[in-house]
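Asker: I'm passing along structure_4.tsv; it holds TSV, C-alpha atoms.
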chain	number	residue	atom	x	y	z
J	1	MET	CA	125.24	76.04	110.19
J	2	GLY	CA	123.60	78.27	107.60
J	3	ASN	CA	121.28	79.87	110.16
J	4	SER	CA	123.93	82.07	111.80
J	5	PHE	CA	125.50	85.33	110.63
J	6	GLY	CA	128.40	87.46	111.85
J	7	ASN	CA	131.64	86.84	113.72
J	8	PHE	CA	132.00	89.24	116.66
J	9	PHE	CA	128.34	90.29	116.71
J	10	ARG	CA	126.73	86.98	115.83
J	11	ILE	CA	123.09	86.07	115.38
J	12	SER	CA	121.23	82.80	114.86
J	13	THR	CA	117.60	82.86	113.72
J	14	TRP	CA	115.04	80.09	114.10
J	15	GLY	CA	111.40	79.35	113.31
J	16	GLU	CA	109.08	78.72	110.36
J	17	SER	CA	106.38	80.79	108.70
J	18	HIS	CA	103.47	78.82	110.16
J	19	GLY	CA	105.18	77.27	113.18
J	20	GLY	CA	104.87	78.37	116.78
J	21	GLY	CA	106.94	81.48	116.27
J	22	ILE	CA	110.12	83.14	115.05
J	23	GLY	CA	113.15	84.13	117.08
J	24	VAL	CA	116.78	85.05	117.24
J	25	VAL	CA	119.73	84.55	119.57
J	26	ILE	CA	122.28	87.37	119.62
J	27	ASP	CA	125.79	86.65	120.87
J	28	GLY	CA	128.46	89.30	121.32
J	29	CYS	CA	126.37	92.27	122.39
J	30	PRO	CA	128.37	94.38	124.89
J	31	PRO	CA	127.16	94.52	128.51
J	32	ASN	CA	125.52	97.48	130.27
J	33	LEU	CA	123.69	98.65	127.15
J	34	PRO	CA	120.20	100.01	127.90
J	35	LEU	CA	117.78	97.86	125.89
J	36	SER	CA	114.02	97.43	125.89
J	37	VAL	CA	111.45	95.88	123.60
J	38	GLN	CA	109.20	98.93	123.65
J	39	ASP	CA	111.83	101.56	122.86
J	40	ASP	CA	114.34	99.68	120.71
J	41	ILE	CA	113.01	96.46	119.19
J	42	GLN	CA	109.26	96.79	118.67
J	43	PRO	CA	109.45	99.99	116.56
J	44	ALA	CA	111.71	98.18	114.08
J	45	LEU	CA	109.43	95.13	113.97
J	46	ASP	CA	106.37	97.34	113.45
J	47	ARG	CA	107.95	98.68	110.26
J	48	ARG	CA	108.40	95.13	108.95
J	49	ARG	CA	105.16	93.49	110.05
J	50	PRO	CA	102.46	92.39	107.57
J	51	GLY	CA	99.11	94.08	107.10
J	52	GLN	CA	100.45	97.64	107.24
J	53	SER	CA	98.66	98.90	104.13
J	54	ASP	CA	96.55	97.86	101.15
J	55	ILE	CA	99.67	97.06	99.09
J	56	THR	CA	100.98	94.41	101.50
J	57	THR	CA	99.89	90.94	102.51
J	58	PRO	CA	96.61	90.93	104.50
J	59	ARG	CA	98.09	88.50	107.05
J	60	LYS	CA	97.43	89.99	110.49
J	61	GLU	CA	100.31	89.63	112.92
J	62	THR	CA	101.22	91.99	115.76
J	63	ASP	CA	104.80	90.64	115.75
J	64	THR	CA	105.06	91.34	119.46
J	65	ALA	CA	108.57	90.63	120.71
J	66	THR	CA	109.67	89.27	124.07
J	67	ILE	CA	113.22	89.26	125.43
J	68	VAL	CA	113.73	85.98	127.29
J	69	SER	CA	117.43	86.19	128.18
J	70	GLY	CA	120.47	88.43	128.18
J	71	VAL	CA	118.86	91.55	129.67
J	72	PHE	CA	118.47	92.32	133.39
J	73	GLU	CA	116.82	95.41	134.83
J	74	GLY	CA	116.90	97.07	131.42
J	75	LEU	CA	120.61	96.49	130.75
J	76	THR	CA	122.33	93.90	128.57
J	77	LEU	CA	124.40	91.34	130.47
J	78	GLY	CA	126.96	90.53	127.79
J	79	THR	CA	125.44	87.05	127.57
J	80	PRO	CA	123.31	85.73	124.67
J	81	ILE	CA	120.14	87.72	124.09
J	82	ALA	CA	117.16	85.62	123.02
J	83	ILE	CA	114.12	87.29	121.44
J	84	THR	CA	110.91	85.50	120.48
J	85	VAL	CA	107.92	86.56	118.36
J	86	PRO	CA	104.86	84.26	118.19
J	87	ASN	CA	102.92	83.43	115.02
J	88	SER	CA	99.22	83.95	115.58
J	89	ASP	CA	97.42	84.25	112.21
J	90	HIS	CA	97.89	80.67	111.01
J	91	ARG	CA	96.11	79.42	107.89
J	92	PRO	CA	97.99	76.24	106.97
J	93	GLU	CA	95.01	74.92	105.02
J	94	ALA	CA	95.77	77.47	102.29
J	95	TYR	CA	98.92	75.52	101.50
J	96	ALA	CA	97.47	72.00	101.33
J	97	GLU	CA	97.92	71.80	97.55
J	98	MET	CA	101.61	72.74	97.91
J	99	LYS	CA	102.27	69.57	99.89
J	100	GLU	CA	102.54	67.68	96.60
J	101	LYS	CA	103.08	70.43	94.01
J	102	PHE	CA	106.18	72.60	93.64
J	103	ARG	CA	105.51	76.34	93.40
J	104	PRO	CA	107.39	77.96	90.49
J	105	SER	CA	110.42	80.04	91.54
J	106	HIS	CA	110.00	79.02	95.20
J	107	ALA	CA	112.32	76.90	97.33
J	108	ASP	CA	109.93	73.91	97.39
J	109	TYR	CA	111.82	71.73	94.92
J	110	THR	CA	115.31	72.58	96.15
J	111	TYR	CA	114.40	72.10	99.84
J	112	GLN	CA	112.68	68.78	99.11
J	113	THR	CA	115.63	67.54	97.08
J	114	LYS	CA	118.28	68.73	99.55
J	115	TYR	CA	116.67	67.52	102.78
J	116	GLY	CA	114.14	64.91	101.67
J	117	ILE	CA	111.54	66.74	103.74
J	118	ARG	CA	110.10	70.24	103.88
J	119	ASN	CA	107.50	72.34	105.64
J	120	HIS	CA	105.10	73.22	102.84
J	121	GLU	CA	103.03	75.60	104.98
J	122	GLY	CA	104.05	79.08	103.90
J	123	GLY	CA	107.46	77.93	102.79
J	124	GLY	CA	108.78	77.12	106.26
J	125	ARG	CA	112.28	78.55	106.77
J	126	SER	CA	112.41	79.96	103.23
J	127	SER	CA	109.57	82.35	104.06
J	128	ALA	CA	110.35	86.05	104.48
J	129	ARG	CA	108.81	85.72	107.94
J	130	GLU	CA	112.22	84.42	109.03
J	131	THR	CA	113.50	88.01	108.70
J	132	ILE	CA	111.71	88.97	111.93
J	133	GLY	CA	114.75	87.66	113.79
J	134	ARG	CA	117.09	89.72	111.62
J	135	VAL	CA	115.13	92.92	112.19
J	136	ALA	CA	115.03	92.40	115.96
J	137	ALA	CA	118.77	91.71	116.01
J	138	GLY	CA	119.42	94.69	113.74
J	139	ALA	CA	117.73	96.96	116.27
J	140	VAL	CA	120.10	95.69	118.95
J	141	ALA	CA	123.08	96.14	116.63
J	142	GLN	CA	121.99	99.71	115.90
J	143	LYS	CA	121.73	100.51	119.60
J	144	ALA	CA	125.15	99.00	120.30
J	145	LEU	CA	126.92	100.70	117.39
J	146	GLN	CA	125.38	104.14	117.90
J	147	SER	CA	126.30	104.03	121.59
J	148	ALA	CA	129.91	103.33	120.64
J	149	CYS	CA	130.16	105.52	117.55
J	150	ALA	CA	127.67	108.38	117.58
J	151	GLY	CA	126.72	109.96	114.29
J	152	ILE	CA	126.30	106.87	112.11
J	153	GLU	CA	123.04	106.94	110.15
J	154	VAL	CA	121.60	104.17	107.99
J	155	ARG	CA	118.76	104.96	105.63
J	156	ALA	CA	117.21	102.64	103.06
J	157	TYR	CA	114.37	103.54	100.74
J	158	VAL	CA	112.66	102.34	97.58
J	159	GLU	CA	114.38	103.67	94.48
J	160	ARG	CA	112.51	101.69	91.84
J	161	ILE	CA	109.30	99.67	91.50
J	162	HIS	CA	109.09	97.78	88.22
J	163	THR	CA	109.82	100.44	85.57
J	164	LEU	CA	109.26	103.46	87.83
J	165	GLY	CA	112.56	104.85	89.13
J	166	LEU	CA	113.48	107.68	91.47
J	167	GLU	CA	116.48	108.54	89.31
J	168	ASP	CA	118.61	107.09	86.56
J	169	PHE	CA	121.35	105.28	88.46
J	170	GLY	CA	122.83	103.89	85.28
J	171	SER	CA	125.32	106.78	85.27
J	172	GLY	CA	127.37	105.25	88.08
J	173	GLU	CA	127.14	108.44	90.13
J	174	ALA	CA	126.23	108.61	93.81
J	175	PRO	CA	122.51	109.04	94.57
J	176	LEU	CA	121.32	112.50	93.58
J	177	PHE	CA	118.35	112.47	95.95
J	178	PRO	CA	119.15	114.26	99.25
J	179	PHE	CA	119.72	111.95	102.23
J	180	PRO	CA	116.10	111.51	103.40
J	181	SER	CA	114.80	111.52	106.94
J	182	LEU	CA	113.03	108.50	108.38
J	183	GLU	CA	109.82	110.53	108.34
J	184	GLN	CA	110.19	111.16	104.59
J	185	VAL	CA	110.69	107.46	103.91
J	186	GLU	CA	107.76	106.41	106.10
J	187	ALA	CA	105.40	109.05	104.69
J	188	THR	CA	103.97	106.63	102.10
J	189	ALA	CA	103.18	102.91	102.11
J	190	VAL	CA	105.73	102.24	99.37
J	191	ARG	CA	108.61	103.93	101.29
J	192	CYS	CA	109.80	106.10	98.43
J	193	PRO	CA	110.68	109.62	99.69
J	194	ASP	CA	109.43	111.27	96.49
J	195	ALA	CA	105.69	111.69	97.13
J	196	ASP	CA	104.66	112.06	93.48
J	197	LEU	CA	106.63	109.02	92.34
J	198	ALA	CA	105.46	107.06	95.38
J	199	ALA	CA	101.86	107.52	94.25
J	200	GLN	CA	102.73	106.10	90.83
J	201	MET	CA	104.53	103.15	92.45
J	202	ILE	CA	101.54	102.37	94.64
J	203	ALA	CA	99.27	102.42	91.59
J	204	CYS	CA	101.67	100.07	89.78
J	205	ILE	CA	101.59	97.58	92.66
J	206	LYS	CA	97.80	97.72	92.86
J	207	ASP	CA	97.50	97.15	89.13
J	208	ALA	CA	99.72	94.06	89.36
J	209	ARG	CA	97.70	92.72	92.29
J	210	SER	CA	94.40	93.26	90.45
J	211	GLU	CA	95.74	91.08	87.64
J	212	GLY	CA	96.87	88.38	90.05
J	213	ASP	CA	100.47	89.28	89.28
J	214	SER	CA	103.44	90.83	91.08
J	215	VAL	CA	106.33	93.25	90.53
J	216	GLY	CA	109.84	93.72	91.88
J	217	GLY	CA	112.12	96.69	92.42
J	218	VAL	CA	115.27	98.22	93.86
J	219	ILE	CA	116.16	99.47	97.33
J	220	VAL	CA	119.05	101.86	97.83
J	221	CYS	CA	120.75	101.96	101.24
J	222	ARG	CA	122.94	104.85	102.33
J	223	VAL	CA	125.19	105.19	105.36
J	224	ARG	CA	126.78	108.41	106.52
J	225	GLY	CA	128.99	109.19	109.49
J	226	LEU	CA	130.94	105.96	109.01
J	227	PRO	CA	134.57	106.19	110.17
J	228	VAL	CA	137.53	105.20	108.03
J	229	GLY	CA	138.82	101.67	108.55
J	230	LEU	CA	135.88	99.26	108.67
J	231	GLY	CA	136.38	96.12	106.61
J	232	GLU	CA	138.78	93.20	106.91
J	233	PRO	CA	140.74	92.32	103.76
J	234	VAL	CA	140.88	90.04	101.97
J	235	PHE	CA	137.81	87.83	102.30
J	236	ASP	CA	135.88	89.94	104.82
J	237	ARG	CA	135.89	93.12	102.77
J	238	LEU	CA	133.13	95.50	103.80
J	239	GLU	CA	131.34	95.24	100.45
J	240	ALA	CA	131.69	91.44	100.47
J	241	GLU	CA	130.02	91.23	103.88
J	242	LEU	CA	127.26	93.58	102.75
J	243	ALA	CA	126.73	91.57	99.58
J	244	LYS	CA	126.43	88.35	101.56
J	245	ALA	CA	124.01	89.99	103.98
J	246	MET	CA	121.78	91.39	101.27
J	247	LEU	CA	121.79	88.36	98.99
J	248	SER	CA	120.83	86.18	101.94
J	249	LEU	CA	117.47	87.98	102.03
J	250	PRO	CA	114.47	86.30	100.37
J	251	ALA	CA	113.70	87.44	96.80
J	252	THR	CA	117.04	89.24	96.28
J	253	LYS	CA	118.68	88.79	92.89
J	254	ALA	CA	121.18	91.65	92.59
J	255	PHE	CA	123.64	93.72	94.62
J	256	GLU	CA	125.87	96.57	93.54
J	257	ILE	CA	127.91	99.07	95.49
J	258	GLY	CA	129.05	102.48	94.32
J	259	SER	CA	129.05	102.77	90.54
J	260	GLY	CA	128.21	99.07	90.28
J	261	PHE	CA	127.72	97.74	86.77
J	262	ALA	CA	127.64	101.26	85.33
J	263	GLY	CA	131.33	101.55	86.23
J	264	THR	CA	132.18	98.85	83.73
J	265	PHE	CA	131.28	101.27	80.92
J	266	MET	CA	133.80	103.88	82.09
J	267	SER	CA	137.52	104.32	81.67
J	268	GLY	CA	139.81	104.63	84.67
J	269	SER	CA	140.21	108.35	84.15
J	270	GLN	CA	136.44	108.73	84.27
J	271	HIS	CA	135.86	106.42	87.19
J	272	ASN	CA	138.66	107.27	89.64
J	273	ASP	CA	137.72	109.21	92.78
J	274	LEU	CA	140.43	111.87	93.08
J	275	PHE	CA	141.69	112.67	96.56
J	276	GLU	CA	141.73	116.17	97.99
J	277	ASN	CA	142.44	117.90	101.29
J	278	ARG	CA	139.13	119.28	102.51
J	279	GLU	CA	139.31	121.24	105.75
J	280	GLY	CA	142.25	119.18	106.95
J	281	GLN	CA	140.74	115.81	106.05
J	282	VAL	CA	141.48	113.46	103.18
J	283	ARG	CA	138.32	113.26	101.07
J	284	THR	CA	137.38	112.27	97.54
J	285	ARG	CA	135.93	114.68	94.96
J	286	THR	CA	133.52	112.06	93.66
J	287	ASN	CA	132.21	108.88	95.23
J	288	ARG	CA	131.95	106.22	92.56
J	289	SER	CA	133.65	103.86	95.02
J	290	GLY	CA	130.52	104.00	97.18
J	291	GLY	CA	132.45	104.74	100.35
J	292	VAL	CA	134.64	101.65	100.15
J	293	GLN	CA	138.15	101.26	98.71
J	294	GLY	CA	140.21	98.11	99.02
J	295	GLY	CA	137.36	96.60	101.02
J	296	ILE	CA	137.73	99.28	103.73
J	297	SER	CA	135.45	102.24	104.46
J	298	ASN	CA	137.04	105.53	103.39
J	299	GLY	CA	134.85	107.99	105.30
J	300	GLU	CA	132.63	108.94	102.37
J	301	GLU	CA	128.95	108.07	102.21
J	302	LEU	CA	128.48	104.33	101.81
J	303	TYR	CA	125.78	103.45	99.31
J	304	PHE	CA	124.63	100.28	97.63
J	305	ARG	CA	121.58	98.91	95.84
J	306	VAL	CA	119.68	95.65	96.23
J	307	GLY	CA	117.44	94.21	93.50
J	308	PHE	CA	114.34	92.21	94.44
J	309	LYS	CA	112.52	89.94	92.01
J	310	PRO	CA	108.72	89.97	91.62
J	311	THR	CA	106.96	87.98	94.33
J	312	ALA	CA	107.01	84.33	93.23
J	313	THR	CA	103.46	83.57	94.39
J	314	ILE	CA	100.95	84.93	91.88
J	315	LEU	CA	97.22	84.29	91.55
J	316	GLN	CA	97.42	82.95	88.02
J	317	PRO	CA	97.57	79.33	86.84
J	318	GLN	CA	101.14	78.20	86.20
J	319	ALA	CA	102.62	74.99	84.89
J	320	THR	CA	104.59	72.92	87.39
J	321	VAL	CA	105.26	69.34	88.49
J	322	ASP	CA	104.42	67.40	91.62
J	323	GLN	CA	106.75	65.36	93.83
J	324	SER	CA	106.42	62.36	91.54
J	325	GLY	CA	107.52	64.43	88.53
J	326	ALA	CA	104.09	64.47	86.90
J	327	GLU	CA	103.24	67.68	85.09
J	328	THR	CA	100.35	69.63	86.60
J	329	GLU	CA	99.07	73.15	87.22
J	330	LEU	CA	99.06	75.35	90.28
J	331	ILE	CA	97.45	78.66	91.28
J	332	GLY	CA	99.02	80.56	94.16
J	333	ARG	CA	97.31	80.32	97.54
J	334	GLY	CA	97.86	82.02	100.85
J	335	ARG	CA	98.45	85.69	101.60
J	336	HIS	CA	101.36	87.37	99.91
J	337	ASP	CA	102.69	90.81	99.08
J	338	PRO	CA	102.15	91.75	95.41
J	339	CYS	CA	105.53	93.48	95.81
J	340	VAL	CA	107.97	92.63	98.60
J	341	VAL	CA	110.11	95.73	98.15
J	342	PRO	CA	108.38	98.24	100.51
J	343	ARG	CA	108.44	95.84	103.47
J	344	ALA	CA	112.05	94.91	102.71
J	345	VAL	CA	113.31	98.43	103.49
J	346	PRO	CA	113.65	97.90	107.28
J	347	ILE	CA	115.13	94.46	106.64
J	348	VAL	CA	117.87	95.92	104.45
J	349	GLU	CA	118.59	98.47	107.16
J	350	ALA	CA	118.72	95.75	109.81
J	351	MET	CA	121.22	93.67	107.87
J	352	THR	CA	123.32	96.79	107.30
J	353	TRP	CA	123.44	97.50	111.03
J	354	LEU	CA	124.44	93.88	111.69
J	355	VAL	CA	127.33	94.07	109.22
J	356	LEU	CA	128.53	97.44	110.51
J	357	ALA	CA	128.36	96.38	114.16
J	358	ASP	CA	130.33	93.23	113.37
J	359	GLN	CA	132.94	95.15	111.39
J	360	TRP	CA	133.20	97.81	114.09
J	361	MET	CA	133.87	95.17	116.73
J	362	ALA	CA	136.45	93.51	114.47
J	363	GLN	CA	138.26	96.84	114.16
J	364	GLN	CA	138.15	97.43	117.91
J	365	ALA	CA	139.56	93.95	118.48
J	366	ARG	CA	142.38	94.78	116.05
J	367	LEU	CA	143.12	98.02	117.90
J	368	GLY	CA	142.84	96.36	121.30
J	369	THR	CA	140.05	98.70	122.36
J	370	ALA	CA	137.95	97.49	125.28
J	371	PRO	CA	134.17	97.33	124.80
J	372	ARG	CA	132.38	100.46	125.94
J	373	SER	CA	130.22	99.95	129.02
Give the structure from the file, written as structure tokens.
Answerer:
Amino acid sequence: MGNSFGNFFRISTWGESHGGGIGVVIDGCPPNLPLSVQDDIQPALDRRRPGQSDITTPRKETDTATIVSGVFEGLTLGTPIAITVPNSDHRPEAYAEMKEKFRPSHADYTYQTKYGIRNHEGGGRSSARETIGRVAAGAVAQKALQSACAGIEVRAYVERIHTLGLEDFGSGEAPLFPFPSLEQVEATAVRCPDADLAAQMIACIKDARSEGDSVGGVIVCRVRGLPVGLGEPVFDRLEAELAKAMLSLPATKAFEIGSGFAGTFMSGSQHNDLFENREGQVRTRTNRSGGVQGGISNGEELYFRVGFKPTATILQPQATVDQSGAETELIGRGRHDPCVVPRAVPIVEAMTWLVLADQWMAQQARLGTAPRS
């Protein structure tokens, strides 16, 4: 039950880190949508795959996707789309010690206690490798939504690594950095569009890795061109769906939209976004709401931030216990990112596209609008 996401545009992911492969089934994609692995899905997976640079895990995977159903002669059929990606660089022997010992801050203990069994090789389903299915599905959601509503752009980028931040977002104001292009984000391995700061972030990550340690950070995601009206009160508010999507990602520990926690330090007169008539359209002078009011998009830029903890696996001895409860010690094994944040950027974007596509379809269902073919 917990492996599916969405209502109208619904996905179900499957697979383990060191199993035969990872995949996703997408249900609800409209028919007659041009879709190919090469043009639409593989570019997104290539941004997520391991081994991209010297600040990521050295695991070598091509993450080559195959569409096995739901597409005929280059067009979607309106039936479930199944996408598979094989695992090829297996090294299960690196996790032999974890069969009995629980890794600190991992899901080993909770999975073992909940199910009475777990796949200790790479963390099984709790591994970030599961997000391959989300990224593949997000690419399909992007294609579907942009074909129905041209002009929507989603851009995520690294705003902070450890103590190095792009800007002080404690003011509660909208991001000051200009909306970056994809090329600006992808220009450095750390995916921060400020080149000078990116160099400092990369050095910070390398320093942590050299000490057998890890660091976390913050990703900001921005959406522009979003129409007014997306979001279903009361429980399916747009920010609630985004929060669920982001906090379902591995290593996430925080989510805030608009002014976030900084807004709690303001008075209403300071925080309110005043309405104005701008060229015949209702707009707001400020955007502390983050593009959402009453759980519904208001036409302003949507922006939110996601906080990622330091990678739990570190190459230092740590105290732990084994399955019998005996105290012991464990040093991390396997291949892991010293900082998960750079590779999480396309994953955050993918989950955003999935939420927006689902909310768009919910709004069209409310309006009685037929799917676009």
Asker: Find the residue from J:Ala319, J:Ala251, J:Ala137, J:Cys29 that sits nearest to Thr76 in chain J; use all atoms listed in the file when measuring.
Answerer: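 Between J:Ala319, J:Ala251, J:Ala137, J:Cys29, the residue approaching Thr76 in chain J most closely is J:Cys29.
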Asker: With distances taken over all atoms listed in the file, which residue among J:Gly123, J:Gly263, J:Gly133, J:Pro342 lies nearest Ile202 in chain J?
Answerer: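 Using all atoms listed in the file, Ile202 in chain J sits closest to J:Pro342.
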Asker: Using all atoms listed in the file, which of the listed residues (J:Ala254, J:Ile55, J:Ala199, J:Ile331) sits closest to Val215 in chain J?
Answerer: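 Result for the nearest residue to Val215 in chain J: J:Ile55.
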Asker: Which residues, written as a count of residues only, have at least one atom at most 7 Å from Thr284 in chain J, with all atoms listed in the file counted and residues fewer than 6 positions away on the same chain left out?
Answerer: 4
Asker: Residues proximal to (99.9, 80.5, 88.7) were defined as those with any atom within 6 Å of that point in the file's coordinates, counting only C-alpha atoms. Which are they, as an MDAnalysis selection string?
Answerer: chainID J and resid 314:318 330:332
Asker: Just write the chosen residues, C-alpha atoms, as a compact mmCIF listing (two decimals), in the frame of the given file.
Answerer:
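Wrote out_28.txt, looks like this:
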# COMPACT_ATOMS: atom_id res chain seq x y z
CA ILE J 314 100.95 84.93 91.88
CA LEU J 315 97.22 84.29 91.55
CA GLN J 316 97.42 82.95 88.02
CA PRO J 317 97.57 79.33 86.84
CA GLN J 318 101.14 78.20 86.20
CA LEU J 330 99.06 75.35 90.28
CA ILE J 331 97.45 78.66 91.28
CA GLY J 332 99.02 80.56 94.16
Asker: Hey, what's within 7 Å of range 40-43 of chain J if we count only C-alpha atoms and toss same-chain stuff fewer than 2 positions away? As JSON, numbers by chain, please?
Answerer: {"J": [35, 36, 37, 38, 45, 46, 47, 64, 65, 136, 139]}
Asker: How many Å lie between CA of Gln142 in chain J and CA of Leu354 in chain J, rounded to one decimal?
Answerer: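 Between these atoms lies a distance of 7.6 Å.
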Asker: Could you check the closest approach to Met266 in chain J for each of J:Val68, J:Ile347, J:Ile219, J:Glu173 and tell me which residue wins, using all atoms listed in the file?
Answerer: J:Glu173
Asker: Starting from the structure just given, write a file holding range 179-198 of chain J with N, CA and C atoms, as an mmCIF file, in the first residue's frame.
Answerer:
data_model
loop_
_atom_site.group_PDB
_atom_site.id
_atom_site.type_symbol
_atom_site.label_atom_id
_atom_site.label_comp_id
_atom_site.auth_asym_id
_atom_site.auth_seq_id
_atom_site.Cartn_x
_atom_site.Cartn_y
_atom_site.Cartn_z
ATOM 1 N N PHE J 179 15.631 33.199 -11.326
ATOM 2 C CA PHE J 179 15.218 31.851 -11.728
ATOM 3 C C PHE J 179 16.268 31.295 -12.683
ATOM 4 N N PRO J 180 17.009 30.247 -12.276
ATOM 5 C CA PRO J 180 18.131 29.785 -13.108
ATOM 6 C C PRO J 180 17.677 28.886 -14.252
ATOM 7 N N SER J 181 18.509 28.811 -15.265
ATOM 8 C CA SER J 181 18.274 27.870 -16.361
ATOM 9 C C SER J 181 18.779 26.494 -15.942
ATOM 10 N N LEU J 182 18.352 25.490 -16.668
ATOM 11 C CA LEU J 182 18.839 24.133 -16.404
ATOM 12 C C LEU J 182 20.347 24.072 -16.606
ATOM 13 N N GLU J 183 20.838 24.786 -17.607
ATOM 14 C CA GLU J 183 22.265 24.793 -17.892
ATOM 15 C C GLU J 183 23.051 25.391 -16.725
ATOM 16 N N GLN J 184 22.516 26.434 -16.087
ATOM 17 C CA GLN J 184 23.189 27.031 -14.934
ATOM 18 C C GLN J 184 23.251 26.047 -13.767
ATOM 19 N N VAL J 185 22.174 25.315 -13.554
ATOM 20 C CA VAL J 185 22.137 24.354 -12.456
ATOM 21 C C VAL J 185 23.109 23.209 -12.713
ATOM 22 N N GLU J 186 23.158 22.744 -13.950
ATOM 23 C CA GLU J 186 23.973 21.579 -14.290
ATOM 24 C C GLU J 186 25.430 21.923 -14.544
ATOM 25 N N ALA J 187 25.793 23.193 -14.445
ATOM 26 C CA ALA J 187 27.155 23.624 -14.773
ATOM 27 C C ALA J 187 28.200 23.081 -13.813
ATOM 28 N N THR J 188 27.805 22.743 -12.578
ATOM 29 C CA THR J 188 28.748 22.190 -11.604
ATOM 30 C C THR J 188 28.192 20.896 -11.013
ATOM 31 N N ALA J 189 29.076 20.082 -10.472
ATOM 32 C CA ALA J 189 28.680 18.786 -9.919
ATOM 33 C C ALA J 189 27.752 18.920 -8.733
ATOM 34 N N VAL J 190 27.797 20.054 -8.031
ATOM 35 C CA VAL J 190 26.996 20.214 -6.826
ATOM 36 C C VAL J 190 25.611 20.779 -7.119
ATOM 37 N N ARG J 191 25.400 21.257 -8.355
ATOM 38 C CA ARG J 191 24.109 21.782 -8.822
ATOM 39 C C ARG J 191 23.650 23.033 -8.064
ATOM 40 N N CYS J 192 24.624 23.884 -7.761
ATOM 41 C CA CYS J 192 24.329 25.221 -7.245
ATOM 42 C C CYS J 192 24.625 26.198 -8.376
ATOM 43 N N PRO J 193 23.673 27.078 -8.741
ATOM 44 C CA PRO J 193 23.882 27.954 -9.898
ATOM 45 C C PRO J 193 24.862 29.091 -9.685
ATOM 46 N N ASP J 194 25.339 29.272 -8.453
ATOM 47 C CA ASP J 194 26.362 30.273 -8.182
ATOM 48 C C ASP J 194 27.721 29.574 -8.247
ATOM 49 N N ALA J 195 28.497 29.866 -9.291
ATOM 50 C CA ALA J 195 29.736 29.122 -9.548
ATOM 51 C C ALA J 195 30.739 29.237 -8.406
ATOM 52 N N ASP J 196 30.895 30.437 -7.859
ATOM 53 C CA ASP J 196 31.875 30.626 -6.781
ATOM 54 C C ASP J 196 31.485 29.838 -5.533
ATOM 55 N N LEU J 197 30.209 29.920 -5.166
ATOM 56 C CA LEU J 197 29.742 29.193 -3.994
ATOM 57 C C LEU J 197 29.767 27.685 -4.250
ATOM 58 N N ALA J 198 29.461 27.295 -5.476
ATOM 59 C CA ALA J 198 29.491 25.871 -5.827
ATOM 60 C C ALA J 198 30.869 25.282 -5.572
#
